[in-house]
file structure-v1.cif (mmCIF, C-alpha atoms and all ligand atoms)
data_entry
loop_
_atom_site.label_atom_id
_atom_site.label_comp_id
_atom_site.auth_asym_id
_atom_site.auth_seq_id
_atom_site.Cartn_x
_atom_site.Cartn_y
_atom_site.Cartn_z
CA MET A 371 26.40 -1.32 10.14
CA THR A 372 25.53 -0.13 6.62
CA ARG A 373 23.49 3.06 6.68
CA PHE A 374 21.48 4.55 3.85
CA SER A 375 19.85 7.95 3.58
CA ALA A 376 16.33 8.50 2.28
CA ALA A 377 14.08 11.36 1.22
CA VAL A 378 10.32 11.61 1.68
CA ALA A 379 8.49 13.85 -0.77
CA GLY A 380 5.07 14.81 0.60
CA VAL A 381 6.03 14.47 4.26
CA THR A 382 2.95 16.32 5.55
CA GLY A 383 0.39 13.75 4.36
CA TYR A 384 -0.73 10.63 6.24
CA THR A 385 1.64 8.30 4.39
CA GLY A 386 4.48 10.82 4.85
CA MET A 387 3.63 10.92 8.56
CA GLU A 388 3.69 7.11 8.70
CA LEU A 389 7.06 7.06 6.90
CA CYS A 390 8.40 9.39 9.62
CA ARG A 391 7.12 7.05 12.34
CA ILE A 392 8.68 3.98 10.68
CA LEU A 393 11.98 5.57 9.65
CA ALA A 394 12.44 7.13 13.11
CA GLY A 395 13.11 3.57 14.32
CA HIS A 396 14.75 2.02 11.26
CA PRO A 397 18.22 0.63 12.03
CA ASN A 398 19.69 1.14 8.52
CA ILE A 399 17.74 3.93 6.79
CA ASP A 400 18.02 7.55 7.95
CA LEU A 401 15.46 10.09 6.81
CA THR A 402 17.69 12.99 5.72
CA LEU A 403 15.39 15.03 3.47
CA ALA A 404 11.67 15.75 3.89
CA THR A 405 9.73 17.91 1.46
CA SER A 406 6.46 19.80 1.42
CA ARG A 407 5.30 22.81 -0.59
CA THR A 408 3.28 24.30 2.27
CA GLU A 409 5.44 23.56 5.36
CA ALA A 410 8.94 24.20 3.93
CA GLY A 411 11.12 26.02 6.46
CA LYS A 412 9.63 24.33 9.53
CA GLN A 413 11.18 21.44 11.43
CA LEU A 414 9.49 18.03 11.40
CA GLN A 415 8.70 18.34 15.13
CA ASP A 416 6.78 21.58 14.45
CA VAL A 417 4.46 19.60 12.20
CA TYR A 418 4.64 16.30 14.12
CA PRO A 419 4.92 16.82 17.88
CA PHE A 420 5.30 13.03 18.28
CA LEU A 421 8.86 13.45 16.94
CA ARG A 422 9.94 15.91 19.68
CA GLY A 423 13.11 14.76 21.42
CA LEU A 424 13.91 12.24 18.66
CA PRO A 425 16.88 12.89 16.28
CA LEU A 426 14.44 13.16 13.37
CA GLY A 427 12.48 15.96 15.06
CA SER A 428 14.92 18.72 14.13
CA LEU A 429 15.10 17.86 10.41
CA ALA A 430 14.19 20.95 8.38
CA ILE A 431 11.43 20.53 5.77
CA THR A 432 12.37 21.77 2.30
CA ALA A 433 10.51 22.43 -0.96
CA PRO A 434 10.39 19.46 -3.38
CA SER A 435 13.18 19.38 -6.01
CA ALA A 436 14.49 16.34 -7.89
CA GLU A 437 18.09 17.65 -7.95
CA THR A 438 18.15 18.27 -4.19
CA ILE A 439 16.68 14.84 -3.51
CA LYS A 440 19.22 13.16 -5.78
CA ASP A 441 22.16 14.97 -4.19
CA SER A 442 21.22 14.13 -0.62
CA CYS A 443 20.07 10.51 -0.48
CA ASP A 444 20.30 6.92 -1.70
CA LEU A 445 16.57 6.39 -2.18
CA ALA A 446 13.41 8.48 -2.41
CA PHE A 447 9.87 7.78 -1.22
CA LEU A 448 7.22 9.73 -3.12
CA ALA A 449 4.19 10.18 -0.83
CA VAL A 450 2.37 12.67 -3.06
CA PRO A 451 -0.91 12.38 -5.00
CA HIS A 452 -1.11 10.52 -8.32
CA GLY A 453 -0.57 12.90 -11.21
CA ALA A 454 1.93 14.86 -9.10
CA ALA A 455 4.24 11.87 -8.56
CA MET A 456 4.89 11.00 -12.19
CA ASP A 457 7.09 13.97 -13.14
CA LEU A 458 9.16 13.73 -9.96
CA ALA A 459 9.55 9.96 -10.40
CA ALA A 460 10.61 10.41 -14.03
CA ALA A 461 13.16 13.10 -13.10
CA LEU A 462 14.61 10.88 -10.37
CA TYR A 463 14.66 7.91 -12.74
CA ASP A 464 16.69 9.96 -15.24
CA LEU A 465 19.05 11.00 -12.45
CA GLY A 466 19.51 7.31 -11.55
CA LEU A 467 18.03 7.41 -8.05
CA LYS A 468 16.18 4.41 -6.60
CA THR A 469 12.59 5.47 -5.99
CA VAL A 470 9.51 4.01 -4.33
CA ASP A 471 6.38 5.80 -5.54
CA LEU A 472 3.44 5.39 -3.17
CA SER A 473 0.99 6.86 -5.68
CA ALA A 474 -0.88 5.02 -8.43
CA ASP A 475 1.15 6.61 -11.24
CA PHE A 476 3.23 3.55 -12.17
CA ARG A 477 1.13 0.66 -10.88
CA LEU A 478 -0.73 -0.07 -14.11
CA HIS A 479 1.24 -1.49 -17.02
CA ASP A 480 -1.11 -0.08 -19.66
CA LYS A 481 -1.27 3.66 -20.40
CA LYS A 482 -4.80 3.49 -21.83
CA THR A 483 -6.08 1.82 -18.67
CA TYR A 484 -4.34 4.45 -16.50
CA ASP A 485 -5.68 7.33 -18.59
CA ALA A 486 -9.23 5.94 -18.52
CA TRP A 487 -9.45 5.20 -14.77
CA TYR A 488 -7.49 8.25 -13.55
CA ALA A 489 -8.84 10.72 -16.15
CA LEU A 490 -5.30 11.89 -16.97
CA ASP A 491 -2.89 11.62 -19.88
CA HIS A 492 0.12 9.74 -18.48
CA ARG A 493 3.16 11.89 -19.24
CA HIS A 494 5.80 9.15 -18.85
CA PRO A 495 4.31 5.97 -20.34
CA GLU A 496 7.79 4.68 -21.21
CA LEU A 497 8.38 4.12 -17.49
CA LEU A 498 5.29 1.93 -17.00
CA ALA A 499 7.24 -1.07 -18.27
CA GLN A 500 10.26 -0.23 -16.09
CA ALA A 501 8.38 0.07 -12.80
CA VAL A 502 8.04 -3.05 -10.65
CA TYR A 503 4.79 -3.59 -8.71
CA GLY A 504 5.92 -3.50 -5.10
CA LEU A 505 4.15 -6.45 -3.53
CA PRO A 506 7.01 -8.46 -1.98
CA GLU A 507 5.03 -11.72 -1.75
CA LEU A 508 4.56 -11.80 -5.56
CA HIS A 509 7.46 -9.75 -6.94
CA GLY A 510 10.20 -9.86 -4.28
CA GLU A 511 13.01 -10.88 -6.65
CA ARG A 512 12.21 -8.17 -9.20
CA ILE A 513 11.90 -5.52 -6.50
CA LYS A 514 15.49 -6.23 -5.41
CA SER A 515 16.88 -4.98 -8.73
CA ALA A 516 14.23 -2.32 -9.49
CA ARG A 517 15.10 1.35 -9.90
CA LEU A 518 11.45 2.42 -9.73
CA VAL A 519 8.95 0.58 -7.54
CA ALA A 520 5.21 1.25 -7.83
CA ASN A 521 4.03 0.69 -4.29
CA PRO A 522 0.64 -1.09 -4.31
CA GLY A 523 -2.60 0.56 -3.29
CA CYS A 524 -4.06 -0.25 0.12
CA TYR A 525 -7.22 -2.04 -1.01
CA PRO A 526 -5.32 -3.99 -3.72
CA THR A 527 -2.79 -5.19 -1.13
CA SER A 528 -5.55 -6.80 0.94
CA ALA A 529 -7.48 -8.16 -2.07
CA ILE A 530 -4.51 -9.57 -4.00
CA LEU A 531 -2.95 -11.25 -0.95
CA GLY A 532 -6.34 -12.73 -0.08
CA LEU A 533 -7.02 -14.11 -3.55
CA ALA A 534 -3.57 -15.21 -4.77
CA PRO A 535 -3.39 -18.72 -3.20
CA ALA A 536 -6.93 -19.64 -4.28
CA LEU A 537 -6.33 -18.46 -7.86
CA ALA A 538 -2.86 -19.96 -8.18
CA SER A 539 -4.25 -23.38 -7.22
CA GLY A 540 -7.42 -23.18 -9.34
CA LEU A 541 -9.51 -23.59 -6.20
CA VAL A 542 -12.07 -20.95 -7.19
CA HIS A 543 -13.87 -19.95 -10.38
CA THR A 544 -12.20 -16.99 -12.07
CA GLY A 545 -15.44 -15.46 -13.38
CA ASP A 546 -17.31 -15.00 -10.11
CA ILE A 547 -15.28 -12.93 -7.63
CA VAL A 548 -16.79 -10.19 -5.47
CA ILE A 549 -14.54 -8.07 -3.25
CA ASP A 550 -16.48 -6.25 -0.55
CA ALA A 551 -13.93 -3.92 1.06
CA LYS A 552 -14.05 -1.45 3.97
CA SER A 553 -11.47 1.17 4.93
CA GLY A 554 -10.82 3.62 7.74
CA ALA A 555 -10.90 7.35 6.93
CA SER A 556 -7.10 7.87 6.71
CA GLY A 557 -7.31 6.04 3.37
CA ALA A 558 -8.62 9.27 1.85
CA GLY A 559 -5.49 11.23 2.82
CA ARG A 560 -5.01 14.25 5.09
CA LYS A 561 -6.20 17.02 2.82
CA PRO A 562 -9.44 18.49 4.18
CA ALA A 563 -12.65 17.30 2.50
CA GLN A 564 -16.29 17.37 3.56
CA ALA A 565 -16.72 13.61 3.11
CA THR A 566 -14.07 12.87 5.74
CA LEU A 567 -15.05 15.44 8.38
CA PHE A 568 -15.58 13.87 11.83
CA CYS A 569 -19.35 14.31 11.75
CA GLU A 570 -19.58 12.80 8.26
CA VAL A 571 -17.56 9.67 9.16
CA SER A 572 -18.28 8.88 12.81
CA ASP A 573 -21.38 7.00 13.93
CA THR A 574 -22.35 5.95 10.39
CA PHE A 575 -21.33 3.46 7.70
CA ARG A 576 -21.63 3.95 3.97
CA ALA A 577 -20.59 2.61 0.60
CA TYR A 578 -18.82 4.82 -1.96
CA ASN A 579 -17.50 4.64 -5.54
CA LEU A 580 -19.48 1.46 -6.24
CA THR A 581 -18.44 -0.23 -9.52
CA LYS A 582 -15.89 2.48 -10.34
CA HIS A 583 -13.17 2.54 -7.68
CA ARG A 584 -9.76 3.30 -9.21
CA HIS A 585 -8.14 0.33 -7.53
CA THR A 586 -10.21 -2.07 -9.68
CA PRO A 587 -7.82 -2.31 -12.67
CA GLU A 588 -4.83 -2.69 -10.36
CA ILE A 589 -6.43 -5.67 -8.61
CA GLU A 590 -7.45 -7.16 -11.96
CA GLN A 591 -3.95 -6.70 -13.41
CA GLU A 592 -2.22 -8.51 -10.56
CA ILE A 593 -4.68 -11.36 -9.99
CA SER A 594 -4.78 -11.98 -13.76
CA LEU A 595 -1.02 -12.56 -13.61
CA VAL A 596 -1.52 -15.04 -10.78
CA ALA A 597 -4.41 -16.84 -12.51
CA GLY A 598 -2.77 -16.82 -15.94
CA GLU A 599 -5.88 -15.38 -17.60
CA ALA A 600 -7.58 -11.98 -17.84
CA LEU A 601 -9.95 -11.57 -14.89
CA THR A 602 -12.70 -9.11 -14.11
CA VAL A 603 -13.83 -8.62 -10.52
CA SER A 604 -16.65 -6.82 -8.80
CA PHE A 605 -14.82 -4.52 -6.35
CA ASN A 606 -16.82 -2.29 -4.02
CA THR A 607 -15.77 -0.07 -1.17
CA HIS A 608 -17.13 1.26 2.13
CA LEU A 609 -15.97 3.89 4.62
CA LEU A 610 -15.59 2.70 8.21
CA PRO A 611 -15.87 5.08 11.17
CA ILE A 612 -12.29 4.26 12.27
CA ASN A 613 -8.97 6.00 11.62
CA ARG A 614 -6.97 3.19 10.05
CA GLY A 615 -7.47 -0.36 8.82
CA ILE A 616 -8.99 -2.30 5.92
CA LEU A 617 -11.10 -5.44 6.00
CA SER A 618 -11.92 -7.07 2.68
CA THR A 619 -14.47 -9.87 2.52
CA ILE A 620 -14.01 -11.71 -0.76
CA TYR A 621 -16.75 -13.96 -2.11
CA THR A 622 -15.62 -16.74 -4.45
CA ARG A 623 -17.18 -19.92 -5.86
CA LEU A 624 -15.35 -23.23 -5.40
CA THR A 625 -14.28 -25.40 -8.34
CA ARG A 626 -14.07 -28.52 -6.15
CA THR A 627 -15.02 -29.95 -2.79
CA ILE A 628 -12.41 -29.29 -0.14
CA SER A 629 -12.14 -29.37 3.65
CA PRO A 630 -11.43 -26.29 5.81
CA GLU A 631 -8.18 -27.92 6.96
CA ARG A 632 -7.01 -28.45 3.37
CA VAL A 633 -7.81 -24.84 2.37
CA HIS A 634 -5.88 -23.64 5.39
CA GLU A 635 -2.93 -25.87 4.46
CA LEU A 636 -2.99 -24.60 0.87
CA TYR A 637 -2.84 -20.95 2.07
CA GLU A 638 -0.16 -21.68 4.68
CA ASN A 639 1.93 -23.40 2.06
CA PHE A 640 1.60 -20.47 -0.38
CA TYR A 641 2.77 -18.01 2.29
CA LYS A 642 5.31 -20.26 4.05
CA ASP A 643 8.17 -17.85 3.23
CA SER A 644 6.16 -14.64 3.76
CA PRO A 645 6.75 -13.28 7.27
CA PHE A 646 4.10 -10.57 6.96
CA VAL A 647 1.16 -12.84 6.05
CA ARG A 648 -0.62 -14.66 8.87
CA VAL A 649 -3.06 -17.33 7.75
CA LEU A 650 -5.45 -17.74 10.65
CA PRO A 651 -6.49 -21.23 11.79
CA PRO A 652 -9.91 -22.54 10.64
CA GLY A 653 -12.64 -20.81 12.63
CA CYS A 654 -10.60 -17.64 13.31
CA LEU A 655 -11.50 -14.41 11.53
CA PRO A 656 -9.27 -11.32 11.14
CA GLU A 657 -9.91 -7.91 12.70
CA THR A 658 -8.46 -4.53 11.79
CA ARG A 659 -7.23 -3.88 15.35
CA HIS A 660 -5.12 -7.06 15.33
CA VAL A 661 -3.02 -5.64 12.48
CA ARG A 662 -3.17 -1.95 13.45
CA ALA A 663 0.07 -0.07 12.63
CA THR A 664 1.77 -3.31 11.51
CA MET A 665 2.92 -5.02 8.34
CA PHE A 666 0.70 -8.03 8.87
CA CYS A 667 -1.94 -9.16 6.45
CA ASP A 668 -4.23 -11.47 8.42
CA ILE A 669 -6.21 -13.90 6.29
CA GLY A 670 -9.25 -15.82 7.53
CA LEU A 671 -10.93 -18.54 5.47
CA CYS A 672 -14.53 -19.67 5.70
CA LEU A 673 -16.06 -22.46 3.63
CA ASP A 674 -19.78 -22.20 2.98
CA ALA A 675 -20.70 -25.71 1.83
CA ARG A 676 -24.37 -24.76 1.41
CA THR A 677 -23.60 -22.16 -1.31
CA ASN A 678 -20.35 -23.78 -2.50
CA ARG A 679 -18.40 -20.63 -1.67
CA LEU A 680 -15.04 -19.86 -0.16
CA LEU A 681 -15.14 -16.57 1.76
CA ILE A 682 -11.72 -15.01 2.13
CA LEU A 683 -11.28 -12.29 4.75
CA SER A 684 -8.17 -10.15 4.58
CA ALA A 685 -7.24 -7.44 7.10
CA ILE A 686 -4.40 -4.93 6.82
CA ASP A 687 -3.44 -1.52 8.15
CA ASN A 688 -3.88 0.84 5.19
CA LEU A 689 -1.11 3.25 6.21
CA CYS A 690 1.53 0.70 7.24
CA ARG A 691 1.04 -2.52 5.24
CA GLY A 692 -1.07 -0.74 2.60
CA ALA A 693 1.35 2.15 2.03
CA SER A 694 4.40 3.33 4.01
CA GLY A 695 5.46 0.07 5.69
CA GLN A 696 5.20 -1.74 2.37
CA ALA A 697 7.25 1.06 0.77
CA VAL A 698 9.96 0.55 3.40
CA ALA A 699 9.85 -3.22 2.82
CA CYS A 700 10.47 -2.55 -0.90
CA ALA A 701 13.25 -0.10 -0.02
CA ASN A 702 14.85 -2.74 2.19
CA LEU A 703 14.96 -5.15 -0.75
CA MET A 704 16.22 -2.47 -3.18
CA LEU A 705 19.05 -1.57 -0.76
CA GLY A 706 20.07 -5.21 -0.16
CA LEU A 707 18.65 -5.36 3.37
CA PRO A 708 16.47 -8.17 4.75
CA LEU A 709 12.78 -7.60 3.94
CA THR A 710 11.66 -7.19 7.56
CA THR A 711 14.36 -4.72 8.68
CA GLY A 712 12.79 -2.10 10.94
CA LEU A 713 9.30 -3.47 10.33
CA ASN A 714 8.68 -5.99 13.09
CA PHE A 715 5.89 -4.05 14.79
CA ALA A 716 3.40 -5.62 17.17
CA PRO A 717 -0.16 -4.28 16.81
CA LEU A 718 -1.23 -1.25 18.80
CA MET A 719 -3.86 -2.59 21.22
CA PRO A 720 -6.63 -2.23 22.27
N1 LIG A 801 -3.75 7.24 2.69
C1 LIG A 801 -3.58 5.96 2.39
O1 LIG A 801 -4.07 5.04 3.11
C2 LIG A 801 -2.80 5.57 1.17
C3 LIG A 801 -2.56 4.19 0.96
C4 LIG A 801 -1.84 3.81 -0.16
C5 LIG A 801 -1.38 4.77 -1.06
N2 LIG A 801 -1.64 6.07 -0.84
C6 LIG A 801 -1.12 7.03 -1.81
O2 LIG A 801 -0.01 7.70 -1.24
C7 LIG A 801 0.05 9.05 -1.74
C8 LIG A 801 0.00 10.01 -0.54
O3 LIG A 801 -1.22 9.75 0.14
P1 LIG A 801 -1.60 10.49 1.49
O4 LIG A 801 -2.81 9.81 2.00
O5 LIG A 801 -0.41 10.63 2.35
O6 LIG A 801 -2.01 11.93 0.88
P2 LIG A 801 -2.18 13.31 1.64
O7 LIG A 801 -2.40 13.04 3.10
O8 LIG A 801 -3.21 14.07 0.90
O9 LIG A 801 -0.75 14.02 1.47
C9 LIG A 801 -0.25 14.37 0.22
C10 LIG A 801 1.15 14.97 0.37
O10 LIG A 801 1.62 15.36 -0.91
C11 LIG A 801 1.93 16.76 -0.93
N3 LIG A 801 1.42 17.25 -2.21
C12 LIG A 801 0.12 17.45 -2.55
N4 LIG A 801 0.02 17.87 -3.83
C13 LIG A 801 1.30 17.95 -4.29
C14 LIG A 801 1.88 18.33 -5.55
N5 LIG A 801 1.11 18.71 -6.58
N6 LIG A 801 3.23 18.27 -5.68
C15 LIG A 801 4.01 17.89 -4.65
N7 LIG A 801 3.53 17.54 -3.43
C16 LIG A 801 2.19 17.57 -3.26
C17 LIG A 801 1.24 17.35 0.29
O11 LIG A 801 2.04 18.35 0.90
P3 LIG A 801 2.09 19.88 0.44
O12 LIG A 801 0.70 20.22 -0.04
O13 LIG A 801 2.50 20.60 1.67
O14 LIG A 801 3.13 19.93 -0.63
C18 LIG A 801 1.22 16.18 1.26
O15 LIG A 801 2.42 16.13 2.00
C19 LIG A 801 -1.16 9.24 -2.67
O16 LIG A 801 -0.75 9.06 -3.99
C20 LIG A 801 -2.11 8.11 -2.23
O17 LIG A 801 -2.95 7.67 -3.24
C21 LIG A 801 -2.34 6.51 0.25
#

call {"tool": "encode", "arguments": {"input": "structure-v1.cif", "output": "structure tokens"}}
result
Amino acid sequence: MTRFSAAVAGVTGYTGMELCRILAGHPNIDLTLATSRTEAGKQLQDVYPFLRGLPLGSLAITAPSAETIKDSCDLAFLAVPHGAAMDLAAALYDLGLKTVDLSADFRLHDKKTYDAWYALDHRHPELLAQAVYGLPELHGERIKSARLVANPGCYPTSAILGLAPALASGLVHTGDIVIDAKSGASGAGRKPAQATLFCEVSDTFRAYNLTKHRHTPEIEQEISLVAGEALTVSFNTHLLPINRGILSTIYTRLTRTISPERVHELYENFYKDSPFVRVLPPGCLPETRHVRATMFCDIGLCLDARTNRLLILSAIDNLCRGASGQAVACANLMLGLPLTTGLNFAPLMP
């Protein structure tokens, strides 16, 4: 069996943790290098007791260095914040190493848009055109030959997968799309912050970053490609009192009369070769717990004849499908493995 070795930079964050969980059971990819600035010198099992007794548990954490990563693996996952990922990604690109960047640093094709939304001056704009947006359902062929993959954001994964079939078929108006999205608290990362303390998140429900969430231009970029015209969407986010999971409810306006069965058929047909997308039968709506810790994107469709709207509901797990699992799916394609290798998880219930 062909085996590949991989590095995870930023192993102590939530997406690094999820990469450890997934790679611990991957049949073809071994995690051989894990980096952190603050936990270097420890073993993975010191930081993650869930790895005790597994081969991965005794791996020593090292400080991040592009040369060390290049010398010890076939592919690197960058699970570090945006702004910090770009220099490491550029160094690895120059060294010729295949890289999947989980941050937002290479998702947007346009430097000005990146600089404006992320309040930074992108230091490697020449790589924006080289990076492939890592959504396998839309860019699978290009991911296979990519050297640098920009792994999609969690919210954009749910929104783009939900909207793509309707936009590709001209079923909905392009000028009237509202994405009402909700995420569990792990979406904010593991670094301590007042807004994500237990008492601030549990037993309440609130909106945040209305009209200015940084995932907006990423969603607009990708759905514009699908629609074949420049789109603007209203994208607004909420914080759920749960650990993981995203549910996006997308409000669209129909361009024609259509039956629920026909909409379902249209979506099923669009995703007929996409093992990770489950289009639910008419009348069934998705839930975050039905996709928890999996690669599934569950899509529910609801026609509102009275208001002439199609409501699209899209549920994913932000850490698996919306980050680390999707990064492994891209790595599978980049390494010549089948897309689903090591990723056939059933949901964690209840
Ligand atoms: N959480 C999600 O649901 C999610 C979903 C999709 C994408 N993402 C993206 O994935 C990336 C990681 O997210 P996360 O939630 O795992 O974040 P996190 O929990 O805050 O972890 C960040 C990791 O990066 C390391 N790090 C922080 N600053 C660094 C720097 N300047 N240079 C090198 N390493 C640094 C940290 O370790 P040390 O401080 O020990 O070095 C830590 O291991 C982010 O870009 C995020 O936007 C997250």

call {"tool": "residues_around", "arguments": {"input": "structure-v1.cif", "residues": "region 704-719 of chain A", "least_positions_apart": "6", "cutoff": "10 Å", "atoms": "all atoms listed in the file", "output": "PyMOL selection string"}}
result
chain A and resi 372-374+392-399+444-445+468-470+506+510-519+644-646+658-666+687+690-691+695-696+698

call {"tool": "residues_around", "arguments": {"input": "structure-v1.cif", "residues": "Lys552 (chain A)", "least_positions_apart": "4", "cutoff": "6 Å", "atoms": "all atoms listed in the file", "output": "PyMOL selection string"}}
result
chain A and resi 607-609+616-617

call {"tool": "atom_distance", "arguments": {"input": "structure-v1.cif", "atom1": "CA of Ser375 (chain A)", "atom2": "CA of Asn702 (chain A)"}}
result
11.9 Å

call {"tool": "residues_around", "arguments": {"input": "structure-v1.cif", "residues": "region 493-498 of chain A", "least_positions_apart": "2", "cutoff": "9 Å", "atoms": "only C-alpha atoms", "output": "list in words"}}
result
Gly453, Met456, Asp457, Ala460, Tyr463, Asp475, Phe476, Arg477, Leu478, His479, Asp480, Lys481, Leu490, Asp491, Gln500, Ala501, Val502 and Leu518 of chain A

call {"tool": "closest_residue", "arguments": {"input": "structure-v1.cif", "among": "A:Ala489, A:Ala379, A:Ala430, A:Cys667", "to": "Asp471 (chain A)", "atoms": "all atoms listed in the file"}}
result
A:Ala379

call {"tool": "residues_near_ligand", "arguments": {"input": "structure-v1.cif", "ligand": "ligand LIG 801 (chain A)", "cutoff": "9 Å", "atoms": "only C-alpha atoms and all ligand atoms", "output": "NGL selection string"}}
result
:A and (379-388 or 405-410 or 433-434 or 448-455 or 458 or 471-475 or 521-525 or 553-562 or 614-615 or 687-694)

call {"tool": "atom_distance", "arguments": {"input": "structure-v1.cif", "atom1": "CA of Ile669 (chain A)", "atom2": "CA of Ser684 (chain A)"}}
result
4.6 Å

call {"tool": "closest_residue", "arguments": {"input": "structure-v1.cif", "among": "A:His543, A:Val649, A:Pro656, A:Thr619", "to": "Thr602 (chain A)", "atoms": "all atoms listed in the file"}}
result
A:His543

call {"tool": "atom_distance", "arguments": {"input": "structure-v1.cif", "atom1": "CA of Lys440 (chain A)", "atom2": "CA of Pro419 (chain A)"}}
result
27.9 Å

call {"tool": "closest_residue", "arguments": {"input": "structure-v1.cif", "among": "A:Arg676, A:Lys482, A:Arg576, A:Lys412", "to": "Leu624 (chain A)", "atoms": "only C-alpha atoms"}}
result
A:Arg676

call {"tool": "axis_aligned_box", "arguments": {"input": "structure-v1.cif", "around": "region 652-659 of chain A", "padding_each_side": "5 Å", "output": "lines of an AutoDock Vina configuration file"}}
result
center_x = -9.9
center_y = -13.2
center_z = 13.0
size_x = 15.4
size_y = 28.7
size_z = 14.7

call {"tool": "residues_around", "arguments": {"input": "structure-v1.cif", "residues": "Ile593 (chain A)", "least_positions_apart": "6", "cutoff": "10 Å", "atoms": "only C-alpha atoms", "output": "number ranges by chain"}}
result
A: 526, 529-531, 533-534, 537-538, 544, 587, 599-603

call {"tool": "closest_residue", "arguments": {"input": "structure-v1.cif", "among": "A:Leu567, A:Ala499, A:Leu681, A:Ala597", "to": "Pro535 (chain A)", "atoms": "all atoms listed in the file"}}
result
A:Ala597

call {"tool": "residues_around", "arguments": {"input": "structure-v1.cif", "residues": "Thr622 (chain A)", "least_positions_apart": "4", "cutoff": "9 Å", "atoms": "only C-alpha atoms", "output": "mmCIF file with C-alpha atoms, keeping the file's coordinate frame"}}
result
data_model
loop_
_atom_site.group_PDB
_atom_site.id
_atom_site.type_symbol
_atom_site.label_atom_id
_atom_site.label_comp_id
_atom_site.auth_asym_id
_atom_site.auth_seq_id
_atom_site.Cartn_x
_atom_site.Cartn_y
_atom_site.Cartn_z
ATOM 1 C CA VAL A 542 -12.070 -20.950 -7.190
ATOM 2 C CA HIS A 543 -13.870 -19.950 -10.380
ATOM 3 C CA THR A 544 -12.200 -16.990 -12.070
ATOM 4 C CA ASP A 546 -17.310 -15.000 -10.110
ATOM 5 C CA ILE A 547 -15.280 -12.930 -7.630
ATOM 6 C CA VAL A 548 -16.790 -10.190 -5.470
ATOM 7 C CA ILE A 549 -14.540 -8.070 -3.250
ATOM 8 C CA ASN A 678 -20.350 -23.780 -2.500
ATOM 9 C CA ARG A 679 -18.400 -20.630 -1.670
ATOM 10 C CA LEU A 680 -15.040 -19.860 -0.160
ATOM 11 C CA LEU A 681 -15.140 -16.570 1.760
ATOM 12 C CA ILE A 682 -11.720 -15.010 2.130
#

call {"tool": "closest_residue", "arguments": {"input": "structure-v1.cif", "among": "A:Cys569, A:Leu541, A:Leu505, A:Ala697", "to": "Thr625 (chain A)", "atoms": "all atoms listed in the file"}}
result
A:Leu541

call {"tool": "build_atoms", "arguments": {"input": "structure-v1.cif", "residues": "region 408-419 of chain A", "atoms": "N, CA and C atoms", "output": "compact mmCIF listing (two decimals), in the frame of the given file"}}
result
# COMPACT_ATOMS: atom_id res chain seq x y z
N THR A 408 3.95 23.35 1.37
CA THR A 408 3.28 24.30 2.27
C THR A 408 3.99 24.48 3.61
N GLU A 409 4.82 23.49 4.03
CA GLU A 409 5.44 23.56 5.36
C GLU A 409 6.95 23.73 5.28
N ALA A 410 7.49 24.02 4.08
CA ALA A 410 8.94 24.20 3.93
C ALA A 410 9.42 25.29 4.88
N GLY A 411 10.56 25.05 5.51
CA GLY A 411 11.12 26.02 6.46
C GLY A 411 10.90 25.60 7.90
N LYS A 412 9.88 24.81 8.16
CA LYS A 412 9.63 24.33 9.53
C LYS A 412 10.48 23.08 9.80
N GLN A 413 10.57 22.71 11.09
CA GLN A 413 11.18 21.44 11.43
C GLN A 413 10.08 20.37 11.51
N LEU A 414 10.49 19.11 11.35
CA LEU A 414 9.49 18.03 11.40
C LEU A 414 8.70 18.05 12.71
N GLN A 415 9.40 18.37 13.83
CA GLN A 415 8.70 18.34 15.13
C GLN A 415 7.67 19.47 15.27
N ASP A 416 7.81 20.52 14.43
CA ASP A 416 6.78 21.58 14.45
C ASP A 416 5.48 21.04 13.86
N VAL A 417 5.63 20.16 12.88
CA VAL A 417 4.46 19.60 12.20
C VAL A 417 3.99 18.33 12.92
N TYR A 418 4.94 17.56 13.44
CA TYR A 418 4.64 16.30 14.12
C TYR A 418 5.20 16.31 15.53
N PRO A 419 4.44 16.77 16.50
CA PRO A 419 4.92 16.82 17.88
C PRO A 419 5.37 15.44 18.40
